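Working notes, beginning with the structure itself.
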Amino acid sequence: MNAVARRPTLAITTGEPAGIGPEISIRAAWALRAQANCVLVGDAAFLAMTAGAIDPAIRLSAVSLQALRYSGLPHFGPERITVVDVPLAEHVVPGTLNAANGRAVLDILDAAIEGVAAGWFDAIVTAPLQKSTINDAGVPFSGHTEYLAEKTHTPKVVMMLAGSPGEHQPYLRVALATTHLPLKDVPGAITQDTLAQVLDIIDHDLKTKFGIAAPSILVTGLNPHAGENGYLGREEIDVIEPALKAAQARGIDARGPFPADTLFQQKYLKDADCVLAMYHDQGLPVLKHATFGRGVNITLGLPLIRTSVDHGTALDLAARGLGLADCGSMEEAVRVAMHMVQARRAHP
Ligand SMILES: NC(=O)c1ccc[n+]([C@@H]2O[C@H](COP(=O)([O-])OP(=O)(O)OC[C@H]3O[C@@H](n4cnc5c(N)ncnc54)[C@H](O)[C@@H]3O)[C@@H](O)[C@H]2O)c1
Ligand SMILES: N[C@H](C(=O)O)[C@H](O)COP(=O)(O)O
């Protein structure tokens, strides 16, 4: 089979229409069309208008979901990008959220999930969406990660962001023990059972999806200075240490709990494959500070491949027009998804 036919087919969900998602999705799909068959999922008329404004040379061909269900995904070759049309309810004003379009953002995700199950797509790459707008549309929603877990009936998944901080610095992967939780709910969510599931998923997926034979995982504490021997909190002694001992007994190379504020140093990171942080804003600011614009969000533990960008909808940029958003993270999310598809093809 030739290289074009072997291109992975990736569904790019174009996300919040008033944000930068549609633009970065189109740009990444067009820039990487020789390597990946990126199928845009979103409102075809809006995407065509946006593509025309970005570069009139960009060629899009729309198909309806009904047509896909009837006759499968058409293969156009790298000279044009397929769009699966999921119409929005209302006209888009860039930079201005509109809850009337919130339901369509979920329809876009549902179409991509359906497409993976139907074999149209090898993986899903998600552009950023605005969580609040979906809630404003009346659907409780905390993130793609949780939504994909629910829709694929996966009891536990792990959010991991990864990126290269630059030359001569180790590639950084930061996984989270909890995802989108209010801070007050975090301590209660960190149990020995949860940590066992999270560590098993990280160990398994780093081996099977990233080809790391014996992953080394460094684990942070929850409290300042990892609890200071119990004087600044007992979660390290009561929960994290026993969970680590149990994981080690299962053959997982997980060490800690280390104070989160000093763990992110080269001397510790250089021999590690992943840092497991206890909550969102303990791990992600470090990763984003080091790699913003090149980072990728990967959901571990899912039965499908899903990657995403390391940033949000950037409504401020969308409001000011096209050409301001950095596409680096979106392109990297496409590349990581491609590599994961290729790795799965090599080791089904
Ligand atoms: N994958 C996702 O769907 C995803 C990821 C992160 C945040 N979000 C959501 O996005 C919304 C907005 O979040 P936020 O305001 O905290 O973060 P944001 O990333 O949208 O914006 C933070 C800052 O970074 C800048 N920025 C973001 N992306 C950029 C890019 N590609 N190029 C240049 N500058 C960029 C913005 O202009 C802004 O100054 C929230 O609803 C949040 O939940 C979604
Ligand atoms: N936590 C992610 C980040 O900070 O980049 C972001 O909110 C996206 O999460 P989902 O992939 O679950 O939507």
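In the structure tokens, chains take the letters A, B, ... in the order shown, each chain's residues start at 1, and ligands count up from 1 in the order shown.
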* **Spatial neighbours of Leu68 of chain A, 9 Å, only C-alpha atoms, chain gap at least 6 places, as a list in words** =>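 Non-adjacent residues within range: Pro74, Val84, Gly115 and Trp120 of chain A.
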Can I get the selected residues back with N, CA and C atoms, as a PDB file, in the first residue's frame?
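Just written: selection26.pdb:
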ATOM      1  N   PRO A  74     -15.430   8.966   2.347  1.00  0.00           N
ATOM      2  CA  PRO A  74     -14.785   9.062   1.025  1.00  0.00           C
ATOM      3  C   PRO A  74     -13.297   9.371   1.192  1.00  0.00           C
ATOM      4  N   VAL A  84     -16.741  16.592   7.911  1.00  0.00           N
ATOM      5  CA  VAL A  84     -18.011  15.961   8.286  1.00  0.00           C
ATOM      6  C   VAL A  84     -18.890  17.066   8.858  1.00  0.00           C
ATOM      7  N   GLY A 115     -17.539   7.710  14.702  1.00  0.00           N
ATOM      8  CA  GLY A 115     -16.670   7.419  13.560  1.00  0.00           C
ATOM      9  C   GLY A 115     -15.530   6.473  13.898  1.00  0.00           C
ATOM     10  N   TRP A 120     -14.313   4.633  10.582  1.00  0.00           N
ATOM     11  CA  TRP A 120     -13.993   5.722   9.651  1.00  0.00           C
ATOM     12  C   TRP A 120     -12.694   6.399  10.071  1.00  0.00           C
TER      13      TRP A 120
END
* Neighbourhood of ligand 2 at 7 Å, counting only C-alpha atoms and all ligand atoms, reported as a PyMOL selection string -> chain A and resi 128+143-146+179-180+280+284+297+308-312
Could you take the residues named above and write them with N, CA and C atoms, as a short mmCIF file (atom, residue, chain, number, x, y, z; two decimals), in the first residue's frame?
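The resulting file, out12.cif, is reproduced below:
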data_model
loop_
_atom_site.label_atom_id
_atom_site.label_comp_id
_atom_site.auth_asym_id
_atom_site.auth_seq_id
_atom_site.Cartn_x
_atom_site.Cartn_y
_atom_site.Cartn_z
N PRO A 128 -9.82 22.90 21.17
CA PRO A 128 -10.39 23.27 22.47
C PRO A 128 -11.85 23.67 22.40
N GLY A 143 -15.20 18.19 30.94
CA GLY A 143 -14.04 18.14 30.04
C GLY A 143 -14.17 17.00 29.05
N HIS A 144 -13.35 17.07 27.98
CA HIS A 144 -13.33 15.96 27.02
C HIS A 144 -12.98 14.65 27.73
N THR A 145 -12.00 14.74 28.64
CA THR A 145 -11.47 13.54 29.28
C THR A 145 -12.60 12.74 29.93
N GLU A 146 -13.39 13.45 30.75
CA GLU A 146 -14.47 12.78 31.47
C GLU A 146 -15.57 12.35 30.49
N THR A 179 -8.76 14.91 37.74
CA THR A 179 -8.84 15.73 36.52
C THR A 179 -9.48 17.09 36.83
N HIS A 180 -10.66 17.33 36.33
CA HIS A 180 -11.29 18.65 36.54
C HIS A 180 -12.17 18.61 37.78
N HIS A 280 -4.79 19.01 39.01
CA HIS A 280 -4.64 19.81 37.79
C HIS A 280 -3.59 20.92 37.93
N LEU A 284 0.04 20.88 35.87
CA LEU A 284 -0.05 21.49 34.54
C LEU A 284 0.64 22.85 34.40
N ASN A 297 -2.07 17.01 24.96
CA ASN A 297 -2.89 16.39 26.00
C ASN A 297 -3.32 15.02 25.48
N SER A 308 -4.99 16.09 22.20
CA SER A 308 -5.55 17.43 22.13
C SER A 308 -4.43 18.45 22.32
N VAL A 309 -4.82 19.70 22.26
CA VAL A 309 -3.87 20.80 22.43
C VAL A 309 -3.60 21.05 23.92
N ASP A 310 -2.60 21.91 24.17
CA ASP A 310 -2.27 22.25 25.56
C ASP A 310 -2.87 23.59 25.98
N HIS A 311 -3.80 24.10 25.18
CA HIS A 311 -4.35 25.43 25.48
C HIS A 311 -5.86 25.42 25.28
N GLY A 312 -6.47 26.56 25.61
CA GLY A 312 -7.92 26.66 25.52
C GLY A 312 -8.38 27.38 24.27
#
* Asked: What residues have any atom no more than 8 Å from ligand 1 when counting only C-alpha atoms and all ligand atoms, and can you list them as a ChimeraX atom specification?
  -> /A:15,20,24,126-133,143-144,293,297,308-317,324-330
Would you put the residues from that selection into a file with C-alpha atoms, as a PDB file, in the first residue's frame?
ATOM      1  CA  GLY A  15     -14.315  22.641  19.197  1.00  0.00           C
ATOM      2  CA  ILE A  20      -9.464  29.581  17.787  1.00  0.00           C
ATOM      3  CA  ILE A  24      -6.017  25.895  14.134  1.00  0.00           C
ATOM      4  CA  THR A 126      -9.726  17.592  19.733  1.00  0.00           C
ATOM      5  CA  ALA A 127      -9.519  21.352  19.311  1.00  0.00           C
ATOM      6  CA  PRO A 128     -10.390  23.274  22.473  1.00  0.00           C
ATOM      7  CA  LEU A 129     -13.953  23.745  23.572  1.00  0.00           C
ATOM      8  CA  GLN A 130     -15.441  26.050  26.176  1.00  0.00           C
ATOM      9  CA  LYS A 131     -16.638  23.888  29.077  1.00  0.00           C
ATOM     10  CA  SER A 132     -18.845  26.658  30.479  1.00  0.00           C
ATOM     11  CA  THR A 133     -20.828  27.037  27.230  1.00  0.00           C
ATOM     12  CA  GLY A 143     -14.044  18.144  30.037  1.00  0.00           C
ATOM     13  CA  HIS A 144     -13.327  15.956  27.016  1.00  0.00           C
ATOM     14  CA  GLY A 293       2.496  25.899  22.342  1.00  0.00           C
ATOM     15  CA  ASN A 297      -2.886  16.387  26.004  1.00  0.00           C
ATOM     16  CA  SER A 308      -5.550  17.431  22.126  1.00  0.00           C
ATOM     17  CA  VAL A 309      -3.870  20.802  22.434  1.00  0.00           C
ATOM     18  CA  ASP A 310      -2.267  22.249  25.565  1.00  0.00           C
ATOM     19  CA  HIS A 311      -4.354  25.433  25.479  1.00  0.00           C
ATOM     20  CA  GLY A 312      -7.922  26.656  25.516  1.00  0.00           C
ATOM     21  CA  THR A 313     -10.249  28.531  23.219  1.00  0.00           C
ATOM     22  CA  ALA A 314      -8.305  31.836  23.356  1.00  0.00           C
ATOM     23  CA  LEU A 315     -11.454  33.892  22.781  1.00  0.00           C
ATOM     24  CA  ASP A 316      -9.355  37.048  23.091  1.00  0.00           C
ATOM     25  CA  LEU A 317      -7.396  36.089  19.963  1.00  0.00           C
ATOM     26  CA  LEU A 324      -2.934  35.325  15.702  1.00  0.00           C
ATOM     27  CA  ALA A 325      -3.168  31.824  17.161  1.00  0.00           C
ATOM     28  CA  ASP A 326      -0.110  29.592  17.393  1.00  0.00           C
ATOM     29  CA  CYS A 327      -0.841  26.247  15.685  1.00  0.00           C
ATOM     30  CA  GLY A 328       2.156  24.439  17.191  1.00  0.00           C
ATOM     31  CA  SER A 329       0.284  22.482  19.818  1.00  0.00           C
ATOM     32  CA  MET A 330      -2.451  21.439  17.365  1.00  0.00           C
TER      33      MET A 330
END
* Structure fact -> As a check of understanding: the span from atom CA of Ala162 of chain A to atom CA of Ala175 of chain A is 8.5 Å
* **Nearest residue to Pro182 of chain A from the set A:Asn101, A:Thr208, A:Ser142, A:Ser216 (distances using only C-alpha atoms)** =>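 So, comparing all the options, the nearest one is A:Ser142.
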* To do: Please identify all polymer residues within 8 Å of Arg103 of chain A, counting only C-alpha atoms, omitting same-chain residues fewer than 2 positions from it, and present them as a ChimeraX atom specification.
  => /A:99-101,105-107,134,137,139
* Would you work out the distance separating atom CA of Tyr279 of chain A from atom CA of Ala177 of chain A, expressed in Å to one decimal? =>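 These atoms are spaced 6.0 Å apart.
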* From the set A:Pro242, A:Pro140, A:Pro155, A:Pro259, which residue has the shortest atom-to-atom contact distance to Thr220 of chain A, counting only C-alpha atoms? ->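 Using only C-alpha atoms, Thr220 of chain A sits closest to A:Pro259.
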* To do: Can you work out the spacing between atom CA of Val336 of chain A and atom CA of Glu150 of chain A in Å, to one decimal?
  => 23.2 Å
* To do: Determine which residues of segment 219-300 of chain A DSSP labels as strand (DSSP E or B) from the backbone of this structure, then write them out as a PyMOL selection string.
  => chain A and resi 219-220+253-258+274-277+296-300
* Which polymer residues have any atom within 10 Å of an atom of Gly163 of chain A, counting only C-alpha atoms, with same-chain residues fewer than 5 positions away left out, as a PyMOL selection string? -> chain A and resi 170-174+287-288+290-297+310+329+332
Selected residues written out with C-alpha atoms, as a compact mmCIF listing (two decimals), in the first residue's frame:
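Listing of selection-v1.txt after writing:
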# COMPACT_ATOMS: atom_id res chain seq x y z
CA PRO A 170 14.27 15.69 28.87
CA TYR A 171 10.84 15.21 27.25
CA LEU A 172 8.32 15.93 29.98
CA ARG A 173 5.15 13.93 30.70
CA VAL A 174 2.87 15.01 33.51
CA LEU A 287 4.31 21.55 32.05
CA LYS A 288 2.69 24.53 30.33
CA ALA A 290 8.02 24.64 30.04
CA THR A 291 6.29 23.65 26.79
CA PHE A 292 3.29 25.94 26.04
CA GLY A 293 2.50 25.90 22.34
CA ARG A 294 4.21 22.53 21.82
CA GLY A 295 2.47 20.42 24.45
CA VAL A 296 -0.07 17.69 23.84
CA ASN A 297 -2.89 16.39 26.00
CA ASP A 310 -2.27 22.25 25.56
CA SER A 329 0.28 22.48 19.82
CA GLU A 332 1.93 18.33 17.66
* Asked: What's the 9 Å shell around Lys209 of chain A, counting only C-alpha atoms, without same-chain residues fewer than 3 positions away, as a ChimeraX atom specification?
  -> /A:204-206,212,340-341,343-344
Store the residues picked out above in a file with C-alpha atoms, as a compact mmCIF listing (two decimals), in the first residue's frame.
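Saved file part_11.txt follows:
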# COMPACT_ATOMS: atom_id res chain seq x y z
CA HIS A 204 0.27 0.03 30.90
CA ASP A 205 -0.17 2.85 28.37
CA LEU A 206 3.42 4.05 28.48
CA ILE A 212 8.60 2.47 26.97
CA MET A 340 0.12 6.31 18.30
CA VAL A 341 -1.88 4.96 15.35
CA ALA A 343 2.48 2.10 16.88
CA ARG A 344 -0.88 0.33 17.20
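Distances to Gln35 of chain A were evaluated for A:Val334, A:Ala319, A:Ala272, A:Val92 using only C-alpha atoms, and the minimum falls at A:Val334.
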* To do: For each of A:Ile217, A:Met160, A:Asn223, A:Arg33, take the minimum atom-to-atom distance to Lys270 of chain A, counting only C-alpha atoms, then give the residue where this is smallest.
  =>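 That would be A:Ile217, the residue with the smallest distance to Lys270 of chain A.
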